[in-house]
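Enquirer: See run.tsv below, with TSV, N, CA and C atoms and all ligand atoms.
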```tsv
chain	number	residue	atom	x	y	z
V	29	MET	N	-26.27	-25.84	8.42
V	29	MET	CA	-25.44	-26.10	9.60
V	29	MET	C	-26.33	-26.26	10.83
V	30	SER	N	-26.21	-27.39	11.49
V	30	SER	CA	-26.99	-27.62	12.70
V	30	SER	C	-26.33	-26.95	13.89
V	31	ASP	N	-27.14	-26.36	14.73
V	31	ASP	CA	-26.56	-25.76	15.94
V	31	ASP	C	-26.85	-26.60	17.17
V	32	ASP	N	-27.37	-27.80	16.97
V	32	ASP	CA	-27.60	-28.68	18.10
V	32	ASP	C	-26.37	-29.57	18.27
V	33	ILE	N	-25.60	-29.29	19.31
V	33	ILE	CA	-24.34	-30.01	19.49
V	33	ILE	C	-24.46	-31.13	20.52
V	34	THR	N	-25.69	-31.40	20.96
V	34	THR	CA	-25.85	-32.42	21.99
V	34	THR	C	-25.54	-33.81	21.43
V	35	GLN	N	-25.00	-34.65	22.28
V	35	GLN	CA	-24.61	-35.99	21.88
V	35	GLN	C	-25.67	-36.99	22.32
V	36	PRO	N	-26.00	-37.93	21.44
V	36	PRO	CA	-26.99	-38.96	21.82
V	36	PRO	C	-26.50	-39.75	23.03
V	37	GLY	N	-27.38	-39.93	24.00
V	37	GLY	CA	-27.03	-40.75	25.16
V	37	GLY	C	-26.23	-40.03	26.22
V	38	VAL	N	-25.91	-38.77	26.00
V	38	VAL	CA	-25.13	-38.02	26.98
V	38	VAL	C	-26.05	-37.04	27.70
V	39	PRO	N	-26.23	-37.20	29.02
V	39	PRO	CA	-27.08	-36.27	29.77
V	39	PRO	C	-26.51	-34.86	29.68
V	40	PHE	N	-27.39	-33.89	29.48
V	40	PHE	CA	-26.91	-32.52	29.33
V	40	PHE	C	-26.60	-31.92	30.69
V	41	SER	N	-25.35	-31.58	30.89
V	41	SER	CA	-24.96	-30.79	32.06
V	41	SER	C	-23.92	-29.80	31.57
V	42	LEU	N	-24.00	-28.60	32.11
V	42	LEU	CA	-23.24	-27.51	31.52
V	42	LEU	C	-22.48	-26.75	32.60
V	43	VAL	N	-21.29	-26.30	32.26
V	43	VAL	CA	-20.54	-25.45	33.17
V	43	VAL	C	-19.88	-24.34	32.35
V	44	CYS	N	-19.84	-23.16	32.93
V	44	CYS	CA	-19.17	-22.05	32.26
V	44	CYS	C	-17.66	-22.24	32.31
V	45	MET	N	-17.01	-21.99	31.20
V	45	MET	CA	-15.56	-22.20	31.16
V	45	MET	C	-14.80	-21.13	31.94
V	46	TYR	N	-15.49	-20.09	32.37
V	46	TYR	CA	-14.81	-19.03	33.12
V	46	TYR	C	-15.20	-18.96	34.59
V	47	CYS	N	-16.48	-19.15	34.91
V	47	CYS	CA	-16.91	-18.91	36.28
V	47	CYS	C	-17.58	-20.12	36.95
V	48	ASP	N	-17.63	-21.26	36.28
V	48	ASP	CA	-18.21	-22.48	36.84
V	48	ASP	C	-19.71	-22.39	37.09
V	49	ASP	N	-20.36	-21.40	36.52
V	49	ASP	CA	-21.81	-21.35	36.59
V	49	ASP	C	-22.37	-22.41	35.64
V	50	GLY	N	-23.68	-22.66	35.75
V	50	GLY	CA	-24.33	-23.54	34.79
V	50	GLY	C	-24.94	-24.79	35.39
V	51	MET	N	-24.78	-25.01	36.69
V	51	MET	CA	-25.31	-26.21	37.31
V	51	MET	C	-26.84	-26.26	37.27
V	52	HIS	N	-27.47	-25.11	37.07
V	52	HIS	CA	-28.92	-25.07	37.04
V	52	HIS	C	-29.48	-25.32	35.64
V	53	ILE	N	-28.62	-25.46	34.67
V	53	ILE	CA	-29.08	-25.66	33.29
V	53	ILE	C	-29.37	-27.14	33.05
V	54	ASP	N	-30.55	-27.43	32.56
V	54	ASP	CA	-30.96	-28.82	32.37
V	54	ASP	C	-30.96	-29.27	30.92
V	55	SER	N	-30.92	-28.32	29.99
V	55	SER	CA	-31.00	-28.71	28.59
V	55	SER	C	-30.30	-27.67	27.71
V	56	TYR	N	-29.95	-28.13	26.54
V	56	TYR	CA	-29.32	-27.22	25.57
V	56	TYR	C	-30.26	-26.06	25.24
V	57	GLU	N	-31.54	-26.39	25.09
V	57	GLU	CA	-32.52	-25.35	24.78
V	57	GLU	C	-32.57	-24.30	25.87
V	58	GLN	N	-32.51	-24.74	27.14
V	58	GLN	CA	-32.53	-23.80	28.26
V	58	GLN	C	-31.29	-22.91	28.23
V	59	ALA	N	-30.16	-23.50	27.94
V	59	ALA	CA	-28.92	-22.73	27.89
V	59	ALA	C	-29.00	-21.64	26.83
V	60	ILE	N	-29.49	-22.00	25.66
V	60	ILE	CA	-29.63	-21.03	24.58
V	60	ILE	C	-30.61	-19.93	24.98
V	61	ALA	N	-31.71	-20.35	25.62
V	61	ALA	CA	-32.73	-19.39	26.03
V	61	ALA	C	-32.19	-18.39	27.06
V	62	GLU	N	-31.23	-18.83	27.86
V	62	GLU	CA	-30.67	-17.95	28.89
V	62	GLU	C	-29.49	-17.13	28.37
V	63	GLY	N	-29.10	-17.37	27.13
V	63	GLY	CA	-28.07	-16.53	26.54
V	63	GLY	C	-26.67	-17.12	26.55
V	64	TRP	N	-26.57	-18.41	26.78
V	64	TRP	CA	-25.25	-19.04	26.74
V	64	TRP	C	-24.74	-19.09	25.30
V	65	SER	N	-23.43	-19.13	25.16
V	65	SER	CA	-22.84	-19.24	23.83
V	65	SER	C	-21.64	-20.16	23.88
V	66	ASP	N	-21.16	-20.50	22.70
V	66	ASP	CA	-19.97	-21.36	22.57
V	66	ASP	C	-20.10	-22.69	23.31
V	67	ILE	N	-21.28	-23.26	23.30
V	67	ILE	CA	-21.48	-24.53	23.98
V	67	ILE	C	-20.90	-25.67	23.13
V	68	SER	N	-20.13	-26.50	23.78
V	68	SER	CA	-19.55	-27.62	23.05
V	68	SER	C	-19.48	-28.84	23.96
V	69	TYR	N	-19.49	-30.00	23.34
V	69	TYR	CA	-19.39	-31.25	24.06
V	69	TYR	C	-17.95	-31.47	24.49
V	70	GLU	N	-17.74	-31.59	25.80
V	70	GLU	CA	-16.38	-31.72	26.33
V	70	GLU	C	-16.31	-32.90	27.29
V	71	PRO	N	-16.11	-34.09	26.77
V	71	PRO	CA	-16.15	-35.29	27.62
V	71	PRO	C	-15.05	-35.36	28.66
V	72	HIS	N	-14.00	-34.56	28.51
V	72	HIS	CA	-12.89	-34.62	29.46
V	72	HIS	C	-13.10	-33.71	30.67
V	73	VAL	N	-14.14	-32.88	30.63
V	73	VAL	CA	-14.41	-31.97	31.75
V	73	VAL	C	-15.10	-32.74	32.87
V	74	PRO	N	-14.53	-32.74	34.08
V	74	PRO	CA	-15.08	-33.54	35.16
V	74	PRO	C	-16.41	-33.02	35.72
V	75	MET	N	-16.64	-31.72	35.64
V	75	MET	CA	-17.80	-31.12	36.29
V	75	MET	C	-19.08	-31.23	35.49
V	76	ALA	N	-18.97	-31.35	34.18
V	76	ALA	CA	-20.15	-31.36	33.33
V	76	ALA	C	-19.79	-31.98	31.99
V	77	ASN	N	-20.80	-32.31	31.22
V	77	ASN	CA	-20.54	-32.92	29.91
V	77	ASN	C	-20.34	-31.88	28.82
V	78	TYR	N	-20.77	-30.65	29.10
V	78	TYR	CA	-20.65	-29.60	28.10
V	78	TYR	C	-20.05	-28.34	28.72
V	79	LEU	N	-19.28	-27.64	27.93
V	79	LEU	CA	-18.69	-26.38	28.34
V	79	LEU	C	-19.30	-25.26	27.51
V	80	GLY	N	-19.48	-24.10	28.13
V	80	GLY	CA	-19.98	-22.96	27.39
V	80	GLY	C	-19.56	-21.67	28.06
V	81	ILE	N	-20.10	-20.57	27.56
V	81	ILE	CA	-19.85	-19.27	28.17
V	81	ILE	C	-21.20	-18.73	28.63
V	82	CYS	N	-21.32	-18.43	29.92
V	82	CYS	CA	-22.58	-17.96	30.47
V	82	CYS	C	-22.82	-16.51	30.03
V	83	PRO	N	-24.06	-16.05	30.15
V	83	PRO	CA	-24.38	-14.68	29.69
V	83	PRO	C	-23.52	-13.62	30.37
V	84	VAL	N	-23.21	-13.80	31.66
V	84	VAL	CA	-22.41	-12.82	32.40
V	84	VAL	C	-20.99	-12.75	31.83
V	85	CYS	N	-20.38	-13.90	31.65
V	85	CYS	CA	-19.01	-13.91	31.14
V	85	CYS	C	-18.97	-13.50	29.67
V	86	ARG	N	-20.02	-13.78	28.93
V	86	ARG	CA	-20.03	-13.36	27.54
V	86	ARG	C	-20.01	-11.84	27.46
V	87	GLU	N	-20.74	-11.19	28.38
V	87	GLU	CA	-20.70	-9.73	28.41
V	87	GLU	C	-19.30	-9.24	28.72
V	88	GLU	N	-18.65	-9.91	29.67
V	88	GLU	CA	-17.28	-9.53	30.01
V	88	GLU	C	-16.36	-9.71	28.81
V	89	GLU	N	-16.56	-10.82	28.10
V	89	GLU	CA	-15.75	-11.13	26.92
V	89	GLU	C	-15.83	-10.02	25.88
V	90	GLU	N	-17.01	-9.45	25.77
V	90	GLU	CA	-17.24	-8.48	24.70
V	90	GLU	C	-16.70	-7.10	25.06
V	91	LYS	N	-16.29	-6.93	26.32
V	91	LYS	CA	-15.68	-5.66	26.69
V	91	LYS	C	-14.24	-5.62	26.17
V	92	PRO	N	-13.87	-4.54	25.52
V	92	PRO	CA	-12.53	-4.46	24.92
V	92	PRO	C	-11.41	-4.44	25.96
V	93	SER	N	-11.75	-4.14	27.23
V	93	SER	CA	-10.72	-4.02	28.25
V	93	SER	C	-10.25	-5.37	28.77
V	94	LYS	N	-11.00	-6.42	28.45
V	94	LYS	CA	-10.65	-7.74	28.98
V	94	LYS	C	-9.32	-8.22	28.37
V	95	PRO	N	-8.45	-8.78	29.19
V	95	PRO	CA	-7.19	-9.31	28.65
V	95	PRO	C	-7.44	-10.39	27.62
V	96	ALA	N	-6.53	-10.54	26.72
V	96	ALA	CA	-6.70	-11.49	25.64
V	96	ALA	C	-6.80	-12.92	26.17
V	97	ASP	N	-7.46	-13.75	25.42
V	97	ASP	CA	-7.55	-15.16	25.75
V	97	ASP	C	-6.15	-15.77	25.80
V	98	PRO	N	-5.89	-16.61	26.81
V	98	PRO	CA	-4.54	-17.21	26.92
V	98	PRO	C	-4.12	-17.99	25.68
V	99	GLU	N	-5.07	-18.43	24.90
V	99	GLU	CA	-4.71	-19.12	23.66
V	99	GLU	C	-4.19	-18.11	22.67
V	101	ZN	ZN	-19.52	-17.53	33.45
```
Show me this structure written as structure tokens.
Ligand SMILES: [Zn+2]
Expert:
Amino acid sequence: MSDDITQPGVPFSLVCMYCDDGMHIDSYEQAIAEGWSDISYEPHVPMANYLGICPVCREEEEKPSKPADPE
């Protein structure tokens, strides 16, 4: 299973799905190195080509007190 979800010809830009962080990320490798997770190609997102969860929000996610995901 490949974990490289980048699309050919699509410039890598990333935004956190919870806090809109990620404008400083230039590559998938950098995102992984900084602790991002759940990165996926999201062509419908206006702010960036990829959506993910930043390290800060991932920590929040892992806390049991956080309300359930709206889905
Ligand atoms: Zn975040």
Enquirer: Can I get the residues close to ligand ZN 101 (chain V) as a list in words, where close means within 6 Å and we count only C-alpha atoms and all ligand atoms?
Expert: Cys44, Tyr46, Cys47, Asp49, Ile81, Cys82, Val84 and Cys85 of chain V
Enquirer: Can you pull out every residue within 6.5 Å of Ala76 of chain V, counting only N, CA and C atoms, but drop anything in the same chain fewer than 3 positions away, and send it as a PyMOL selection string?
Expert: chain V and resi 41-43+70+73+79
Enquirer: Which parts of chain V does DSSP call helix (DSSP H, G or I) when run on the backbone here, written out as a PyMOL selection string?
Expert: chain V and resi 56-62+83-90
Enquirer: Looking at all atoms listed in the file, which of V:Pro71, V:Thr34, V:Asn77, V:Glu87 is the one that sits closest to Tyr56 of chain V?
Expert: V:Thr34
Enquirer: Between atom N of Pro36 of chain V and atom CA of His52 of chain V, what is the distance, to one decimal in Å?
Expert: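 One can read the atom N of Pro36 of chain V to atom CA of His52 of chain V distance as 20.4 Å.
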Enquirer: Rounded to one decimal, what separation in Å do you get between atom CA of Ser55 of chain V and atom N of Glu89 of chain V?
Expert: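 Atom CA of Ser55 of chain V sits 23.0 Å away from atom N of Glu89 of chain V.
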Enquirer: Pick the closest to Ile33 of chain V from V:Tyr69, V:Glu90, V:Met45, V:Gly63: which is it, counting all atoms listed in the file?
Expert: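 Closest residue, counting all atoms listed in the file: V:Tyr69.
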Enquirer: Calculate how many Å separate atom CA of Ser65 of chain V from atom CA of Arg86 of chain V, rounding to one decimal.
Expert: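 Straight-line distance from atom CA of Ser65 of chain V to atom CA of Arg86 of chain V works out to 7.5 Å.
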Enquirer: Let me have the centre and edge lengths in Å, one decimal, of the box along x, y and z around every listed atom of segment 39-52 of chain V with 5 Å of margin on each side, as AutoDock Vina command-line options.
Expert:
```
--center_x -22.1 --center_y -28.1 --center_z 33.2 --size_x 24.7 --size_y 28.3 --size_z 18.3
```
